[in-house]
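Colleague: structure.cif (mmCIF, C-alpha atoms) pasted underneath:
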data_upload
loop_
_atom_site.label_atom_id
_atom_site.label_comp_id
_atom_site.auth_asym_id
_atom_site.auth_seq_id
_atom_site.Cartn_x
_atom_site.Cartn_y
_atom_site.Cartn_z
CA MET Z 1 -188.25 220.63 -80.35
CA GLN Z 2 -189.84 221.57 -83.67
CA ARG Z 3 -191.48 224.94 -83.43
CA THR Z 4 -194.53 225.62 -85.52
CA SER Z 5 -197.47 227.96 -85.41
CA ASN Z 6 -201.00 227.04 -86.49
CA PHE Z 7 -202.28 230.59 -86.21
CA SER Z 8 -203.47 232.50 -89.25
CA PRO Z 9 -203.43 236.29 -89.57
CA CYS Z 10 -206.75 237.87 -88.72
CA PRO Z 11 -206.24 241.60 -88.19
CA GLN Z 12 -209.70 242.47 -89.48
CA ALA Z 13 -211.58 239.95 -87.34
CA GLY Z 14 -209.72 240.43 -84.10
CA LEU Z 15 -209.50 237.14 -82.19
CA ALA Z 16 -212.62 235.50 -83.56
CA GLN Z 17 -210.81 233.46 -86.22
CA LEU Z 18 -208.03 232.14 -84.00
CA GLN Z 19 -208.15 228.39 -83.91
CA PRO Z 20 -209.84 227.04 -80.74
CA GLY Z 21 -207.93 225.38 -77.98
CA TYR Z 22 -204.94 227.71 -77.93
CA PHE Z 23 -206.12 230.33 -75.50
CA THR Z 24 -207.62 230.25 -72.04
CA PRO Z 25 -211.39 229.95 -71.51
CA HIS Z 26 -211.23 233.67 -70.68
CA PRO Z 27 -209.78 235.11 -73.90
CA PRO Z 28 -208.43 238.63 -74.34
CA THR Z 29 -210.57 241.39 -75.74
CA ALA Z 30 -209.42 243.30 -78.81
CA THR Z 31 -210.00 246.93 -79.76
CA GLN Z 32 -210.06 248.07 -83.40
CA SER Z 33 -209.59 251.50 -84.93
CA SER Z 34 -212.09 253.12 -87.25
CA GLU Z 35 -210.06 251.70 -90.16
CA GLY Z 36 -210.57 248.19 -88.78
CA GLN Z 37 -207.00 247.76 -87.60
CA LEU Z 38 -206.28 246.05 -84.28
CA THR Z 39 -204.85 248.69 -81.93
CA SER Z 40 -204.99 247.20 -78.46
CA CYS Z 41 -205.50 243.95 -76.65
CA THR Z 42 -206.52 243.45 -73.03
CA TRP Z 43 -205.52 240.17 -71.36
CA PRO Z 44 -206.51 238.61 -68.03
CA MET Z 45 -204.58 240.08 -65.13
CA GLY Z 46 -202.22 237.11 -64.69
CA ALA Z 47 -201.20 237.10 -68.33
CA CYS Z 48 -200.70 240.88 -68.34
CA GLU Z 49 -198.30 240.65 -65.43
CA THR Z 50 -196.40 237.86 -67.16
CA PHE Z 51 -196.07 239.86 -70.38
CA ARG Z 52 -194.85 242.93 -68.49
CA VAL Z 53 -192.09 240.80 -67.00
CA LEU Z 54 -191.14 239.41 -70.39
CA LEU Z 55 -191.16 242.81 -72.05
CA SER Z 56 -188.99 244.28 -69.31
CA MET Z 57 -186.42 241.53 -69.86
CA HIS Z 58 -186.36 241.43 -73.67
CA LYS Z 59 -186.32 244.61 -75.76
CA VAL Z 60 -187.76 243.28 -79.02
CA ALA Z 61 -189.96 246.33 -79.45
CA ARG Z 62 -192.48 248.25 -77.40
CA PHE Z 63 -195.36 246.00 -78.33
CA CYS Z 64 -196.54 242.50 -77.45
CA TRP Z 65 -195.84 239.67 -79.86
CA PHE Z 66 -198.21 236.85 -80.66
CA PRO Z 67 -198.36 234.22 -83.38
CA SER Z 68 -198.97 235.77 -86.79
CA THR Z 69 -200.65 238.89 -85.36
CA LEU Z 70 -199.34 242.14 -83.92
CA PHE Z 71 -201.21 243.23 -80.79
CA PHE Z 72 -200.43 246.61 -79.24
CA PRO Z 73 -201.09 246.83 -75.48
CA ALA Z 74 -203.56 249.44 -74.36
CA GLY Z 75 -201.81 252.72 -73.68
CA VAL Z 76 -199.09 252.42 -76.33
CA THR Z 77 -198.73 255.80 -78.03
CA LYS Z 78 -199.63 256.40 -81.66
CA GLU Z 79 -196.04 257.37 -82.40
CA THR Z 80 -194.78 254.02 -81.09
CA ARG Z 81 -197.30 252.12 -83.21
CA MET Z 82 -196.39 254.11 -86.30
CA TYR Z 83 -192.67 253.55 -85.67
CA SER Z 84 -193.15 249.82 -85.22
CA GLU Z 85 -195.33 249.50 -88.31
CA ALA Z 86 -192.88 251.56 -90.34
CA ALA Z 87 -190.10 249.23 -89.27
CA GLY Z 88 -192.06 246.49 -91.00
CA LYS Z 89 -191.31 243.97 -88.27
CA MET Z 90 -194.34 241.84 -87.56
CA THR Z 91 -192.64 240.18 -84.61
CA ASN Z 92 -193.77 236.60 -84.14
CA ILE Z 93 -193.07 234.77 -80.93
CA SER Z 94 -192.15 231.69 -82.93
CA ASP Z 95 -189.27 233.74 -84.39
CA LEU Z 96 -187.57 233.91 -81.01
CA PRO Z 97 -184.82 231.31 -80.52
CA GLU Z 98 -186.01 228.53 -78.28
CA ASP Z 99 -183.17 229.10 -75.83
CA LEU Z 100 -184.17 232.75 -75.46
CA LEU Z 101 -187.84 231.93 -74.96
CA LEU Z 102 -186.92 229.28 -72.41
CA GLU Z 103 -184.66 231.73 -70.58
CA LEU Z 104 -187.40 234.38 -70.49
CA LEU Z 105 -190.04 231.98 -69.20
CA SER Z 106 -187.67 230.56 -66.60
CA LEU Z 107 -187.65 234.02 -64.96
CA VAL Z 108 -191.42 234.06 -64.58
CA PRO Z 109 -192.80 232.97 -61.15
CA ALA Z 110 -193.74 229.29 -61.12
CA ARG Z 111 -197.41 229.85 -60.37
CA GLN Z 112 -197.71 232.21 -63.35
CA LEU Z 113 -196.05 229.62 -65.56
CA ILE Z 114 -198.55 226.93 -64.62
CA CYS Z 115 -201.71 229.02 -64.33
CA ASN Z 116 -201.17 231.46 -67.21
CA CYS Z 117 -198.23 230.83 -69.51
CA ARG Z 118 -199.10 227.21 -70.26
CA LEU Z 119 -202.53 228.34 -71.45
CA VAL Z 120 -201.34 230.94 -73.93
CA CYS Z 121 -200.51 228.65 -76.86
CA VAL Z 122 -199.13 225.24 -77.74
CA LEU Z 123 -195.58 226.57 -78.07
CA TRP Z 124 -195.58 228.13 -74.60
CA ARG Z 125 -197.18 225.02 -73.13
CA ASP Z 126 -194.44 222.82 -74.60
CA VAL Z 127 -191.67 225.12 -73.36
CA VAL Z 128 -193.15 225.33 -69.86
CA ASN Z 129 -193.28 221.53 -69.77
CA LEU Z 130 -189.59 221.17 -70.63
CA PRO Z 131 -187.48 219.68 -67.79
CA THR Z 132 -184.72 222.08 -68.85
CA LEU Z 133 -186.80 225.09 -67.83
CA TRP Z 134 -187.44 223.75 -64.32
CA LYS Z 135 -183.84 222.61 -63.95
CA ARG Z 136 -182.74 226.15 -64.77
CA LYS Z 137 -185.13 227.57 -62.18
CA CYS Z 138 -183.80 225.13 -59.57
CA GLN Z 139 -180.20 226.06 -60.34
CA ARG Z 140 -180.96 229.79 -60.29
CA GLU Z 141 -182.59 229.55 -56.84
CA GLY Z 142 -179.95 227.18 -55.46
CA PHE Z 143 -182.31 224.26 -54.84
CA SER Z 144 -180.07 221.62 -56.41
CA GLN Z 145 -176.69 222.73 -55.03
CA LYS Z 146 -176.81 220.60 -51.89
CA TRP Z 147 -178.79 217.72 -53.38
CA ASN Z 148 -176.64 214.62 -53.94
CA ARG Z 149 -179.30 212.36 -55.47
CA ASN Z 150 -180.44 212.00 -59.06
CA ILE Z 151 -183.42 214.23 -59.81
CA LEU Z 152 -186.02 212.47 -61.95
CA ASP Z 153 -188.67 215.19 -62.16
CA TRP Z 154 -187.31 218.75 -62.09
CA LYS Z 155 -190.72 220.41 -61.97
CA THR Z 156 -191.86 218.41 -58.94
CA PHE Z 157 -188.46 218.92 -57.34
CA TYR Z 158 -188.76 222.69 -57.81
CA PHE Z 159 -192.22 222.91 -56.27
CA LEU Z 160 -191.30 220.72 -53.29
CA CYS Z 161 -188.22 222.83 -52.61
CA SER Z 162 -190.12 226.10 -52.96
CA LEU Z 163 -192.88 224.87 -50.64
CA LYS Z 164 -190.48 223.65 -47.96
CA LYS Z 165 -191.12 225.28 -44.60
CA ASN Z 166 -191.94 224.34 -41.03
CA LEU Z 167 -195.56 223.21 -41.13
CA LEU Z 168 -195.92 223.62 -37.37
CA LYS Z 169 -196.96 227.12 -36.35
CA ASN Z 170 -195.55 228.86 -33.28
CA PRO Z 171 -193.00 226.09 -32.53
CA CYS Z 172 -190.89 228.19 -30.14
CA ALA Z 173 -193.61 229.67 -27.91
CA GLU Z 174 -193.14 233.19 -29.26
CA GLU Z 175 -196.93 233.55 -29.51
CA SER Z 176 -197.75 231.84 -26.22
CA PHE Z 177 -200.06 228.88 -27.03
CA GLN Z 178 -201.55 230.23 -30.26
CA PHE Z 179 -202.16 227.48 -32.89
CA TRP Z 180 -201.73 224.73 -30.27
CA LYS Z 181 -204.57 222.59 -28.92
CA LEU Z 182 -204.05 221.73 -25.25
CA ASP Z 183 -205.16 218.09 -25.20
CA SER Z 184 -204.11 217.55 -21.58
CA ASN Z 185 -203.46 220.42 -19.18
CA GLU Z 186 -203.19 218.95 -15.70
CA GLY Z 187 -201.23 219.85 -12.57
CA ASP Z 188 -200.38 223.53 -12.67
CA GLU Z 189 -200.89 223.38 -16.45
CA TRP Z 190 -198.65 224.31 -19.37
CA LYS Z 191 -196.49 227.42 -19.12
CA VAL Z 192 -194.13 229.41 -21.36
CA GLU Z 193 -190.71 230.40 -19.99
CA ASP Z 194 -187.63 232.19 -21.27
CA LEU Z 195 -184.42 230.31 -22.02
CA PRO Z 196 -182.33 229.04 -20.36
CA GLY Z 197 -184.79 228.86 -17.46
CA GLU Z 198 -184.15 227.94 -13.84
CA HIS Z 199 -181.70 225.02 -13.54
CA GLY Z 200 -181.62 224.80 -17.34
CA THR Z 201 -179.10 225.18 -20.16
CA ASP Z 202 -178.82 227.34 -23.26
CA PHE Z 203 -180.45 226.11 -26.45
CA PRO Z 204 -178.05 225.17 -29.31
CA SER Z 205 -179.54 227.86 -31.58
CA GLN Z 206 -179.47 231.53 -30.57
CA GLN Z 207 -182.61 232.06 -32.66
CA VAL Z 208 -184.71 230.24 -30.04
CA HIS Z 209 -185.61 232.28 -26.95
CA LYS Z 210 -188.55 230.51 -25.27
CA TYR Z 211 -189.86 227.05 -24.49
CA PHE Z 212 -193.02 225.30 -23.29
CA VAL Z 213 -192.80 223.60 -19.88
CA THR Z 214 -195.03 220.93 -18.31
CA SER Z 215 -196.17 220.45 -14.73
CA TYR Z 216 -196.69 217.54 -12.29
CA GLY Z 217 -199.83 216.38 -14.14
CA SER Z 218 -200.04 215.13 -17.71
CA CYS Z 219 -199.53 217.97 -20.21
CA LEU Z 220 -200.00 217.28 -23.93
CA LYS Z 221 -200.53 219.69 -26.83
CA SER Z 222 -201.03 219.11 -30.54
CA GLN Z 223 -201.50 220.52 -34.03
CA LEU Z 224 -203.33 219.03 -37.01
CA ILE Z 225 -201.80 219.97 -40.37
CA ASN Z 226 -203.99 220.07 -43.48
CA LEU Z 227 -201.57 219.31 -46.33
CA LYS Z 228 -203.78 220.68 -49.08
CA GLU Z 229 -204.06 224.02 -47.29
CA GLU Z 230 -200.26 224.10 -47.11
CA GLY Z 231 -199.99 223.69 -50.90
CA TYR Z 232 -199.37 219.93 -51.18
CA TRP Z 233 -201.86 218.66 -53.73
CA ASP Z 234 -203.20 215.09 -53.61
CA GLN Z 235 -201.31 213.88 -56.67
CA VAL Z 236 -197.88 214.73 -55.28
CA MET Z 237 -198.65 213.08 -51.94
CA ASP Z 238 -199.98 209.92 -53.63
CA GLU Z 239 -197.53 209.52 -56.51
CA VAL Z 240 -194.33 211.29 -55.48
CA ARG Z 241 -194.70 210.68 -51.73
CA PRO Z 242 -192.05 213.15 -50.62
CA ASP Z 243 -190.15 212.63 -47.37
CA ILE Z 244 -191.91 213.90 -44.24
CA THR Z 245 -189.38 214.73 -41.53
CA VAL Z 246 -190.34 215.37 -37.90
CA ARG Z 247 -188.01 216.98 -35.35
CA ASP Z 248 -188.51 217.96 -31.74
CA TRP Z 249 -186.29 219.22 -28.92
CA TYR Z 250 -186.74 218.42 -25.24
CA ALA Z 251 -184.88 218.90 -21.95
CA ALA Z 252 -185.24 218.42 -18.20
CA ARG Z 253 -184.41 220.60 -15.24
CA PHE Z 254 -181.22 219.71 -13.41
CA ASP Z 255 -183.00 219.29 -10.06
CA CYS Z 256 -186.09 217.26 -11.09
CA GLY Z 257 -186.78 214.14 -13.11
CA CYS Z 258 -189.38 214.15 -15.89
CA ARG Z 259 -190.94 212.22 -18.74
CA TYR Z 260 -191.16 213.31 -22.39
CA GLU Z 261 -193.41 211.80 -25.05
CA LEU Z 262 -194.05 212.34 -28.75
CA CYS Z 263 -196.57 210.96 -31.24
CA VAL Z 264 -196.86 211.81 -34.94
CA ARG Z 265 -199.50 210.24 -37.22
CA LEU Z 266 -200.11 210.42 -40.96
CA LEU Z 267 -203.86 210.51 -41.53
CA SER Z 268 -206.16 209.94 -44.50
CA ALA Z 269 -208.96 212.28 -45.56
CA ASP Z 270 -211.21 210.34 -43.14
CA TYR Z 271 -208.62 210.67 -40.34
CA ILE Z 272 -207.65 207.00 -40.52
CA VAL Z 273 -204.11 206.40 -39.25
CA LEU Z 274 -201.94 205.27 -42.19
CA HIS Z 275 -198.56 205.50 -40.44
CA GLU Z 276 -197.37 206.67 -37.05
CA PHE Z 277 -194.23 207.39 -35.08
CA CYS Z 278 -194.89 207.06 -31.36
CA PRO Z 279 -191.65 206.06 -29.60
CA GLN Z 280 -191.51 204.97 -25.98
CA PRO Z 281 -191.58 207.91 -23.54
CA VAL Z 282 -188.15 209.20 -22.55
CA VAL Z 283 -187.56 209.30 -18.79
CA MET Z 284 -184.88 211.69 -17.52
CA GLU Z 285 -183.65 211.15 -13.99
CA GLN Z 286 -183.21 213.80 -11.33
CA TRP Z 287 -179.77 215.51 -11.38
CA SER Z 288 -179.37 214.95 -15.11
CA ASP Z 289 -177.27 217.27 -17.27
CA ALA Z 290 -180.35 219.26 -18.39
CA GLU Z 291 -178.97 219.41 -21.95
CA TRP Z 292 -181.31 219.90 -24.88
CA ARG Z 293 -181.77 216.77 -27.00
CA GLU Z 294 -183.26 216.33 -30.46
CA ILE Z 295 -185.48 213.50 -31.60
CA SER Z 296 -186.24 213.05 -35.32
CA HIS Z 297 -187.97 210.67 -37.70
CA THR Z 298 -188.51 210.61 -41.48
CA PHE Z 299 -191.55 208.98 -43.09
CA ARG Z 300 -190.65 207.39 -46.44
CA ASN Z 301 -192.55 205.17 -48.89
CA TYR Z 302 -195.76 205.62 -46.96
CA LYS Z 303 -199.19 204.61 -48.23
CA ALA Z 304 -201.08 206.78 -50.68
CA GLY Z 305 -203.85 208.94 -49.30
CA VAL Z 306 -202.02 211.02 -46.68
CA ARG Z 307 -203.97 214.26 -46.23
CA TYR Z 308 -203.25 215.31 -42.64
CA ILE Z 309 -200.36 215.15 -40.17
CA PHE Z 310 -201.12 214.96 -36.46
CA PHE Z 311 -198.34 216.10 -34.11
CA GLN Z 312 -198.56 215.74 -30.33
CA HIS Z 313 -195.94 216.07 -27.60
CA GLY Z 314 -195.58 216.83 -23.90
CA GLY Z 315 -195.01 215.03 -20.61
CA GLN Z 316 -194.76 215.79 -16.89
CA ASP Z 317 -192.33 215.76 -13.98
CA THR Z 318 -191.73 212.54 -12.06
CA GLN Z 319 -191.35 214.11 -8.61
CA TYR Z 320 -194.93 215.47 -8.54
CA TRP Z 321 -193.76 218.86 -7.30
CA ALA Z 322 -196.14 221.78 -7.51
CA GLY Z 323 -195.09 224.25 -10.18
CA TRP Z 324 -193.36 223.69 -13.51
CA TYR Z 325 -190.68 221.06 -13.05
CA GLY Z 326 -191.64 218.81 -15.97
CA CYS Z 327 -190.04 218.39 -19.38
CA ARG Z 328 -189.40 221.39 -21.62
CA VAL Z 329 -190.05 221.40 -25.37
CA THR Z 330 -189.36 223.88 -28.17
CA ASN Z 331 -188.29 224.30 -31.81
CA SER Z 332 -190.53 221.50 -33.07
CA SER Z 333 -190.77 221.09 -36.85
CA ILE Z 334 -192.38 219.10 -39.64
CA THR Z 335 -190.95 219.57 -43.13
CA ILE Z 336 -191.70 217.97 -46.49
CA GLU Z 337 -188.90 217.69 -49.02
CA PRO Z 338 -188.04 215.70 -52.15
CA GLY Z 339 -187.39 212.04 -51.53
CA THR Z 340 -185.66 209.40 -53.60
CA SER Z 341 -188.42 209.50 -56.25
CA ALA Z 342 -188.31 213.26 -56.92
#
Could the structure of this file be written out as structure tokens, please?

Modeller:
Amino acid sequence: MQRTSNFSPCPQAGLAQLQPGYFTPHPPTATQSSEGQLTSCTWPMGACETFRVLLSMHKVARFCWFPSTLFFPAGVTKETRMYSEAAGKMTNISDLPEDLLLELLSLVPARQLICNCRLVCVLWRDVVNLPTLWKRKCQREGFSQKWNRNILDWKTFYFLCSLKKNLLKNPCAEESFQFWKLDSNEGDEWKVEDLPGEHGTDFPSQQVHKYFVTSYGSCLKSQLINLKEEGYWDQVMDEVRPDITVRDWYAARFDCGCRYELCVRLLSADYIVLHEFCPQPVVMEQWSDAEWREISHTFRNYKAGVRYIFFQHGGQDTQYWAGWYGCRVTNSSITIEPGTSA
């Protein structure tokens, strides 16, 4: 990439003569000495934090560098300024090798890169947009080590990997029924119990300690996930359409039969159902093995416009016994990860 600078020196006029379009709409403020020399420069908070990171990683000198102009940060001592000026090195960011600049910027948090670094100047914008930078960030954080598909867009891949988490809150009943809406709460109602429970079995993961259990009446609970609030912007859901994977675990008691059901819907901004996964209810007979079983589904190549995910599960016992003899559920999850187009 050819590296040029369209800035012209303007030490006497501060930042007023810098060509428009290179800085953010909230430009830095400059401070001049009585002799008219630029002595300090105050930047918006985000940019200041970014520059502190860069300065801590690269010991060019104890001052900030910018195209064609030397700006000393507020607080730099007079001795440091005099030493730097005496050295006669008007350090220009365009003098840094591109590989070094790319390496420095790849260490900056992704949100700072997008919200601050890209707005500094054309050079920084071009470097931040390089696929190589985002590939390096992915490799450094181990995102691409277990990925066996071709990656077409490293920046999108990075953000999808960094955002990946369980979108369902309180999936293992550690906070009782917080975050869950009890759509149906019949019989003796929903209840939380400790694993393995009476006439139950241990869960495959030792990290899970509790489960939700249903009664002899219909028991259903749900969560509605707002994708934008979770960090998934409209463009990525409409153009990239990353994979949406749903998982749930269920089990029965050994001494009582039960029924388990699950329904997951992808909804538009107007709550119109675009896609759904609602398999037939699973009926477990009395005297079953009471083992925990996983059910999963991945939404791929879905319609554009997905803004919400509706998750609902539950069931009841089939013996109609008073108490909590129905199906047990825990460790539910919904994750979004790069698909074949990322």

Colleague: What is the distance, in Å and to one decimal place, between CA of Tyr211 in chain Z and CA of Ile309 in chain Z?

Modeller: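 Result for CA of Tyr211 in chain Z versus CA of Ile309 in chain Z: 22.3 Å, one decimal.
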
Colleague: Hey, can you check how far CA of Leu133 in chain Z sits from CA of Asn166 in chain Z?

Modeller: 27.3 Å

Colleague: Go through Z:Gln112, Z:Gln223, Z:Ser296, Z:Gln139 one by one, measure the shortest atom-to-atom distance of each to Phe177 in chain Z using all atoms listed in the file, and give the residue with the smallest value.

Modeller: Z:Gln223

Colleague: Counting only C-alpha atoms, what is within 8 Å of Tyr216 in chain Z, bar same-chain residues fewer than 2 positions away, as a list in words?

Modeller: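 So the residues in contact are Glu186, Gly187, Asp188, Thr214, Ser218, Gln316, Asp317, Thr318, Gln319, Tyr320, Trp321, Ala322, Gly323, Trp324, Tyr325 and Gly326 of chain Z.
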
Colleague: Write a file of the selected residues as a CSV table (one decimal), in the coordinates of the input, keeping C-alpha atoms.

Modeller:
chain,number,residue,atom,x,y,z
Z,186,GLU,CA,-203.2,219.0,-15.7
Z,187,GLY,CA,-201.2,219.8,-12.6
Z,188,ASP,CA,-200.4,223.5,-12.7
Z,214,THR,CA,-195.0,220.9,-18.3
Z,218,SER,CA,-200.0,215.1,-17.7
Z,316,GLN,CA,-194.8,215.8,-16.9
Z,317,ASP,CA,-192.3,215.8,-14.0
Z,318,THR,CA,-191.7,212.5,-12.1
Z,319,GLN,CA,-191.4,214.1,-8.6
Z,320,TYR,CA,-194.9,215.5,-8.5
Z,321,TRP,CA,-193.8,218.9,-7.3
Z,322,ALA,CA,-196.1,221.8,-7.5
Z,323,GLY,CA,-195.1,224.2,-10.2
Z,324,TRP,CA,-193.4,223.7,-13.5
Z,325,TYR,CA,-190.7,221.1,-13.0
Z,326,GLY,CA,-191.6,218.8,-16.0

Colleague: In Å to one decimal, how far is CA of Leu220 in chain Z from CA of Ser205 in chain Z?

Modeller: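 One can read the CA of Ser205 in chain Z to CA of Leu220 in chain Z distance as 24.3 Å.
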
Colleague: List the residues sitting within 12 Å of (-174.0, 224.0, -29.8) in the file's frame, using all atoms listed in the file, as JSON, numbers by chain.

Modeller: {"Z": [201, 202, 203, 204, 205, 206, 291, 292, 293]}

Colleague: Care to translate the PyMOL selection byres ((chain Z and resi 310) around 6) into actual residues of this file, as a list in words?

Modeller: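 This file, filtered by the PyMOL selection byres ((chain Z and resi 310) around 6), leaves Leu224, Val264, Arg265, Ile309 and Phe311 of chain Z.
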
Colleague: So that I can check the surroundings of Ile225 in chain Z, please list as number ranges by chain every protein, DNA and RNA residue that reaches within 10 Å of it, counting all atoms listed in the file and ignoring chain neighbours fewer than 6 positions away.

Modeller: Z: 167-169, 266-267, 307-311, 334
